[in-house]
$ cat final_38.txt   # compact mmCIF, C-alpha atoms and all ligand atoms
# COMPACT_ATOMS: atom_id res chain seq x y z
CA MET U 1089 -111.30 -31.47 1.63
CA LEU U 1090 -110.42 -34.18 -0.86
CA LEU U 1091 -109.06 -31.46 -3.13
CA LEU U 1092 -106.26 -30.78 -0.67
CA HIS U 1093 -104.72 -34.10 -1.54
CA LEU U 1094 -104.11 -32.94 -5.08
CA PRO U 1095 -100.62 -31.38 -5.16
CA ALA U 1096 -101.57 -28.71 -7.70
CA THR U 1097 -104.46 -27.48 -5.57
CA ARG U 1098 -102.29 -27.39 -2.47
CA LYS U 1099 -99.69 -25.38 -4.27
CA ARG U 1100 -102.32 -22.90 -5.45
CA LEU U 1101 -103.66 -22.50 -1.92
CA CYS U 1102 -100.19 -21.84 -0.60
CA GLN U 1103 -99.62 -19.20 -3.25
CA LEU U 1104 -102.89 -17.54 -2.28
CA ALA U 1105 -101.92 -17.62 1.39
CA LEU U 1106 -98.61 -15.95 0.55
CA LEU U 1107 -100.39 -13.22 -1.41
CA VAL U 1108 -102.71 -12.57 1.51
CA LEU U 1109 -99.76 -12.39 3.90
CA ALA U 1110 -97.92 -9.98 1.64
CA ALA U 1111 -101.01 -7.77 1.42
CA CYS U 1112 -101.34 -7.75 5.22
CA GLY U 1113 -97.70 -6.74 5.50
CA ASN U 1114 -98.35 -3.68 3.36
CA ASP U 1115 -101.22 -2.48 5.48
CA GLU U 1116 -100.54 0.90 6.95
CA GLY U 1117 -101.59 1.87 10.43
CA ASP U 1118 -101.05 -1.15 12.58
CA ALA U 1119 -97.68 -1.93 10.99
CA THR U 1120 -94.94 -1.83 13.59
CA PRO U 1121 -91.91 0.23 12.56
CA PRO U 1122 -88.81 -1.84 11.80
CA ALA U 1123 -86.80 -2.41 14.94
CA LEU U 1124 -83.52 -0.54 14.99
CA SER U 1125 -80.65 -2.93 15.33
CA GLU U 1126 -78.58 -3.65 18.39
CA PRO U 1127 -75.82 -1.24 19.44
CA LEU U 1128 -72.67 -1.78 17.37
CA PHE U 1129 -70.48 -2.05 20.47
CA PRO U 1130 -70.64 -4.45 23.43
CA GLU U 1131 -71.82 -3.27 26.83
CA ASP U 1132 -68.39 -3.92 28.37
CA PHE U 1133 -66.60 -2.29 25.43
CA ARG U 1134 -64.03 -0.70 27.72
CA ALA U 1135 -62.59 -4.18 28.34
CA THR U 1136 -61.50 -4.54 24.70
CA PHE U 1137 -61.57 -1.02 23.22
CA GLN U 1138 -58.73 1.40 23.84
CA GLU U 1139 -59.07 5.08 24.71
CA VAL U 1140 -57.60 6.97 21.75
CA ARG U 1141 -58.53 10.53 22.70
CA ASN U 1142 -58.86 11.60 26.28
CA CYS U 1143 -61.51 13.88 27.76
CA ARG U 1144 -61.81 17.18 25.92
CA PRO U 1145 -64.44 19.58 24.70
CA SER U 1146 -66.06 18.45 21.46
CA SER U 1147 -65.39 20.71 18.52
CA GLU U 1148 -68.68 19.47 17.08
CA HIS U 1149 -70.41 21.60 19.67
CA ASP U 1150 -68.89 23.01 22.83
CA LEU U 1151 -71.73 21.88 25.07
CA SER U 1152 -70.28 18.45 25.59
CA ARG U 1153 -67.03 16.75 26.44
CA VAL U 1154 -66.00 13.59 24.71
CA VAL U 1155 -63.70 10.58 24.96
CA VAL U 1156 -63.07 8.44 21.87
CA TYR U 1157 -62.50 4.68 22.02
CA ALA U 1158 -61.31 2.36 19.24
CA ASP U 1159 -61.75 -1.39 19.01
CA PRO U 1160 -58.65 -3.50 18.19
CA GLN U 1161 -59.35 -3.27 14.44
CA ALA U 1162 -59.78 0.49 14.40
CA LEU U 1163 -56.85 1.21 16.70
CA ALA U 1164 -53.94 1.35 14.25
CA PRO U 1165 -55.59 3.29 11.40
CA TYR U 1166 -57.19 5.75 13.84
CA THR U 1167 -54.01 6.50 15.78
CA THR U 1168 -51.48 6.37 12.93
CA ARG U 1169 -53.81 7.68 10.21
CA GLU U 1170 -52.29 5.21 7.83
CA GLY U 1171 -53.67 2.12 6.14
CA GLU U 1172 -57.37 1.38 6.01
CA PHE U 1173 -60.19 0.68 8.39
CA GLU U 1174 -61.16 -2.95 7.79
CA PRO U 1175 -64.87 -3.84 7.73
CA GLY U 1176 -66.08 -4.14 11.32
CA ALA U 1177 -63.60 -1.58 12.71
CA THR U 1178 -65.52 0.39 15.34
CA LEU U 1179 -65.13 3.81 16.98
CA VAL U 1180 -67.18 4.95 19.95
CA LYS U 1181 -67.45 8.57 21.04
CA GLU U 1182 -68.57 8.77 24.64
CA GLU U 1183 -70.24 12.04 25.51
CA TYR U 1184 -70.39 13.89 28.83
CA ASP U 1185 -71.90 17.12 30.02
CA GLY U 1186 -69.95 20.19 28.87
CA THR U 1187 -69.22 21.20 32.46
CA ASP U 1188 -67.72 17.80 33.29
CA SER U 1189 -64.10 18.78 32.66
CA SER U 1190 -62.65 15.37 33.62
CA CYS U 1191 -65.39 13.17 32.10
CA GLU U 1192 -65.97 11.50 35.44
CA GLY U 1193 -69.66 12.18 35.76
CA PRO U 1194 -72.44 10.32 34.01
CA VAL U 1195 -72.19 9.58 30.29
CA THR U 1196 -74.93 11.35 28.33
CA GLN U 1197 -74.88 9.26 25.12
CA TRP U 1198 -72.66 7.38 22.69
CA THR U 1199 -72.18 7.96 18.97
CA VAL U 1200 -70.69 5.13 16.96
CA MET U 1201 -69.12 4.52 13.57
CA GLN U 1202 -68.56 1.03 12.22
CA ARG U 1203 -66.74 0.37 8.95
CA LEU U 1204 -68.65 -1.41 6.18
CA ALA U 1205 -67.15 -3.20 3.19
CA ALA U 1206 -65.51 -0.82 0.71
CA GLY U 1207 -68.02 0.43 -1.87
CA SER U 1208 -70.99 -1.25 -0.16
CA SER U 1209 -72.72 1.90 1.10
CA PRO U 1210 -71.63 5.08 -0.69
CA ASP U 1211 -74.62 6.98 0.78
CA THR U 1212 -73.22 6.51 4.28
CA LEU U 1213 -69.56 6.86 3.28
CA ASP U 1214 -69.08 3.09 3.83
CA TRP U 1215 -69.66 3.51 7.57
CA ARG U 1216 -72.67 2.65 9.72
CA TRP U 1217 -73.66 5.46 12.13
CA GLN U 1218 -75.49 5.11 15.41
CA ARG U 1219 -76.60 7.24 18.29
CA VAL U 1220 -77.09 5.09 21.39
CA SER U 1221 -78.80 6.09 24.63
CA LEU U 1222 -77.64 5.31 28.13
CA GLU U 1223 -80.20 2.51 28.23
CA ARG U 1224 -78.32 1.09 25.23
CA SER U 1225 -81.19 1.59 22.84
CA VAL U 1226 -80.33 2.67 19.31
CA VAL U 1227 -81.82 6.17 19.02
CA SER U 1228 -80.93 6.58 15.35
CA GLN U 1229 -79.05 4.85 12.60
CA ASP U 1230 -77.40 6.38 9.54
CA GLU U 1231 -78.72 9.90 10.22
CA ARG U 1232 -78.11 12.26 7.31
CA ARG U 1233 -76.70 14.76 9.78
CA CYS U 1234 -73.81 12.46 10.68
CA THR U 1235 -72.70 11.75 7.13
CA GLY U 1236 -73.37 15.37 6.13
CA CYS U 1237 -70.79 16.63 8.58
CA HIS U 1238 -68.30 13.74 8.47
CA THR U 1239 -68.13 13.86 4.68
CA ALA U 1240 -65.86 16.88 5.09
CA CYS U 1241 -63.49 14.94 7.39
CA ARG U 1242 -60.79 13.99 4.95
CA GLU U 1243 -57.03 14.20 4.86
CA PRO U 1244 -55.14 16.16 6.08
CA GLU U 1245 -57.42 17.28 8.97
CA GLY U 1246 -59.58 14.17 8.99
CA PHE U 1247 -58.89 10.59 8.01
CA ALA U 1248 -61.28 8.32 6.08
CA ASN U 1249 -64.26 10.37 7.29
CA THR U 1250 -63.18 10.38 10.91
CA CYS U 1251 -62.98 13.95 12.14
CA ALA U 1252 -60.76 14.09 15.19
CA LEU U 1253 -57.45 15.81 14.93
CA PRO U 1254 -54.73 13.63 16.49
C1 LIG W 1 -71.42 19.23 12.96
C2 LIG W 1 -70.51 18.17 12.60
C3 LIG W 1 -70.74 16.76 13.12
C4 LIG W 1 -71.91 16.06 13.16
C5 LIG W 1 -73.30 16.49 12.74
C6 LIG W 1 -71.55 14.74 13.68
N1 LIG W 1 -70.23 14.67 13.95
FE1 LIG W 1 -69.24 13.05 14.67
N2 LIG W 1 -67.59 14.20 14.92
C7 LIG W 1 -67.45 15.51 14.55
C8 LIG W 1 -66.16 16.01 15.01
C9 LIG W 1 -65.61 17.41 14.81
C10 LIG W 1 -65.52 14.94 15.68
C11 LIG W 1 -64.16 14.94 16.37
C12 LIG W 1 -64.32 14.81 17.88
C13 LIG W 1 -65.03 16.02 18.46
O1 LIG W 1 -64.47 17.12 18.41
O2 LIG W 1 -66.14 15.85 18.96
C14 LIG W 1 -66.45 13.81 15.58
C15 LIG W 1 -66.17 12.56 16.06
C16 LIG W 1 -66.99 11.46 15.96
C17 LIG W 1 -66.63 10.11 16.35
C18 LIG W 1 -65.25 9.67 16.85
C19 LIG W 1 -64.36 9.32 15.64
C20 LIG W 1 -63.86 10.53 14.87
O3 LIG W 1 -64.49 10.93 13.87
O4 LIG W 1 -62.84 11.10 15.24
C21 LIG W 1 -67.72 9.33 16.13
C22 LIG W 1 -67.82 7.85 16.39
C23 LIG W 1 -68.76 10.19 15.60
N3 LIG W 1 -68.29 11.48 15.50
C24 LIG W 1 -70.02 9.75 15.23
C25 LIG W 1 -71.04 10.61 14.82
C26 LIG W 1 -72.41 10.20 14.62
C27 LIG W 1 -72.94 8.80 14.79
C28 LIG W 1 -73.11 11.31 14.25
C29 LIG W 1 -74.59 11.47 14.00
C30 LIG W 1 -75.48 11.02 15.05
C31 LIG W 1 -72.16 12.42 14.21
N4 LIG W 1 -70.92 11.96 14.54
C32 LIG W 1 -72.48 13.72 13.85
C33 LIG W 1 -68.36 16.23 13.84
C34 LIG W 1 -69.69 15.89 13.65
$ encode --input "final_38.txt" --output "structure tokens" --more "lines below"
Ligand code: HEC
Amino acid sequence: MLLLHLPATRKRLCQLALLVLAACGNDEGDATPPALSEPLFPEDFRATFQEVRNCRPSSEHDLSRVVVYADPQALAPYTTREGEFEPGATLVKEEYDGTDSSCEGPVTQWTVMQRLAAGSSPDTLDWRWQRVSLERSVVSQDERRCTGCHTACREPEGFANTCALP
């Protein structure tokens, strides 16, 4: 135990401990998958977000009806289609059953886009993408499917990879 009082030995032991920890972290099998992050919009988002597209059938697929909400940062660029979405600007698409013509029944899920810093994530078109369940758990993040389709949403029909026609 006397050895532990020698700084060099202590340092060596710590380095060894770190190596062991790193090796454990790489073990497959019992490794828990990385937790998906929190939803990108607050639970009471309707208090601060504004409805920017009222209830209508989704042209993505006609089995659902959707309402789109924008947070204060996303509001102007989304509605005027001018300027830029600043990092943090958030859009929420609330989905309802396709037979719910007034979007009054239960919500089925939310899909979300949140702007990232320009040039920071070319693979995801500088947006973060989420699918969020009714229980507010993040079902998926940055799915290829989302960016694959939204990549075509450019001017004049789309705007900065948002797809909705005004
Ligand atoms: C097959 C094409 C397609 C796919 C795949 C797709 N979207 Fe969209 N998305 C659209 C279209 C079209 C709209 C315009 C509103 C509508 O008609 O539903 C839209 C609208 C949105 C909006 C509202 C803002 C806007 O663009 O006008 C959000 C948020 C959104 N999608 C997120 C997602 C996320 C997250 C995913 C992946 C989980 C996804 N989308 C997958 C086509 C698609």
$ residues_near_ligand --input "final_38.txt" --ligand "ligand LIG 1 (chain W)" --cutoff "9 Å" --atoms "all atoms listed in the file" --output "VMD selection string"
chain U and resid 1141 1144 to 1150 1152 to 1158 1166 1178 to 1183 1198 to 1202 1216 to 1220 1227 to 1238 1240 to 1241 1246 to 1254
$ closest_residue --input "final_38.txt" --among "U:Thr1239, U:Gln1138, U:Leu1128, U:Cys1143" --to "Ser1189 in chain U" --atoms "all atoms listed in the file"
U:Cys1143
$ closest_residue --input "final_38.txt" --among "U:Leu1163, U:Arg1224, U:Glu1245, U:Gly1171" --to "Pro1130 in chain U" --atoms "only C-alpha atoms"
U:Arg1224
$ atom_distance --input "final_38.txt" --atom1 "CA of Thr1167 in chain U" --atom2 "CA of Ser1225 in chain U"
28.5 Å
$ atom_distance --input "final_38.txt" --atom1 "CA of Cys1191 in chain U" --atom2 "CA of Pro1127 in chain U"
21.8 Å
$ atom_distance --input "final_38.txt" --atom1 "CA of Asp1132 in chain U" --atom2 "CA of Tyr1184 in chain U"
17.9 Å
$ build_atoms --input "final_38.txt" --residues "range 1152-1178 of chain U" --atoms "N, CA and C atoms" --output "compact mmCIF listing (two decimals), keeping the file's coordinate frame"
# COMPACT_ATOMS: atom_id res chain seq x y z
N SER U 1152 -70.57 19.75 25.02
CA SER U 1152 -70.28 18.45 25.59
C SER U 1152 -68.78 18.16 25.56
N ARG U 1153 -68.42 17.22 26.43
CA ARG U 1153 -67.03 16.75 26.44
C ARG U 1153 -67.06 15.31 25.98
N VAL U 1154 -65.98 14.92 25.33
CA VAL U 1154 -66.00 13.59 24.71
C VAL U 1154 -64.70 12.82 24.94
N VAL U 1155 -64.84 11.49 24.95
CA VAL U 1155 -63.70 10.58 24.96
C VAL U 1155 -63.93 9.62 23.79
N VAL U 1156 -62.89 9.36 23.00
CA VAL U 1156 -63.07 8.44 21.87
C VAL U 1156 -62.36 7.12 22.15
N TYR U 1157 -63.04 6.03 21.86
CA TYR U 1157 -62.50 4.68 22.02
C TYR U 1157 -62.46 3.98 20.67
N ALA U 1158 -61.42 3.15 20.47
CA ALA U 1158 -61.31 2.36 19.24
C ALA U 1158 -61.24 0.88 19.60
N ASP U 1159 -61.88 0.05 18.78
CA ASP U 1159 -61.75 -1.39 19.01
C ASP U 1159 -60.42 -1.84 18.40
N PRO U 1160 -59.98 -3.08 18.65
CA PRO U 1160 -58.65 -3.50 18.19
C PRO U 1160 -58.44 -3.28 16.69
N GLN U 1161 -59.50 -3.45 15.89
CA GLN U 1161 -59.35 -3.27 14.44
C GLN U 1161 -59.18 -1.82 14.03
N ALA U 1162 -59.82 -0.93 14.77
CA ALA U 1162 -59.78 0.49 14.40
C ALA U 1162 -58.55 1.20 14.97
N LEU U 1163 -57.92 0.55 15.94
CA LEU U 1163 -56.85 1.21 16.70
C LEU U 1163 -55.72 1.76 15.83
N ALA U 1164 -55.10 0.91 15.02
CA ALA U 1164 -53.94 1.35 14.25
C ALA U 1164 -54.30 2.43 13.23
N PRO U 1165 -55.30 2.21 12.37
CA PRO U 1165 -55.59 3.29 11.40
C PRO U 1165 -56.02 4.59 12.06
N TYR U 1166 -56.73 4.51 13.21
CA TYR U 1166 -57.19 5.75 13.84
C TYR U 1166 -56.02 6.52 14.45
N THR U 1167 -55.09 5.80 15.09
CA THR U 1167 -54.01 6.50 15.78
C THR U 1167 -52.86 6.87 14.85
N THR U 1168 -52.61 6.05 13.82
CA THR U 1168 -51.48 6.37 12.93
C THR U 1168 -51.95 7.14 11.70
N ARG U 1169 -53.25 7.06 11.41
CA ARG U 1169 -53.81 7.68 10.21
C ARG U 1169 -53.13 7.16 8.96
N GLU U 1170 -52.85 5.89 9.00
CA GLU U 1170 -52.29 5.21 7.83
C GLU U 1170 -53.04 3.91 7.65
N GLY U 1171 -52.99 3.37 6.42
CA GLY U 1171 -53.67 2.12 6.14
C GLY U 1171 -55.16 2.35 5.98
N GLU U 1172 -55.92 1.28 6.21
CA GLU U 1172 -57.37 1.38 6.01
C GLU U 1172 -58.11 0.79 7.18
N PHE U 1173 -59.31 1.31 7.42
CA PHE U 1173 -60.19 0.68 8.39
C PHE U 1173 -60.79 -0.56 7.73
N GLU U 1174 -60.58 -1.72 8.34
CA GLU U 1174 -61.16 -2.95 7.79
C GLU U 1174 -62.64 -3.02 8.18
N PRO U 1175 -63.46 -3.71 7.37
CA PRO U 1175 -64.87 -3.84 7.73
C PRO U 1175 -65.02 -4.38 9.16
N GLY U 1176 -65.87 -3.74 9.93
CA GLY U 1176 -66.08 -4.14 11.32
C GLY U 1176 -65.35 -3.22 12.29
N ALA U 1177 -64.33 -2.50 11.84
CA ALA U 1177 -63.60 -1.58 12.71
C ALA U 1177 -64.59 -0.58 13.33
N THR U 1178 -64.49 -0.38 14.64
CA THR U 1178 -65.52 0.39 15.34
C THR U 1178 -64.92 1.49 16.21
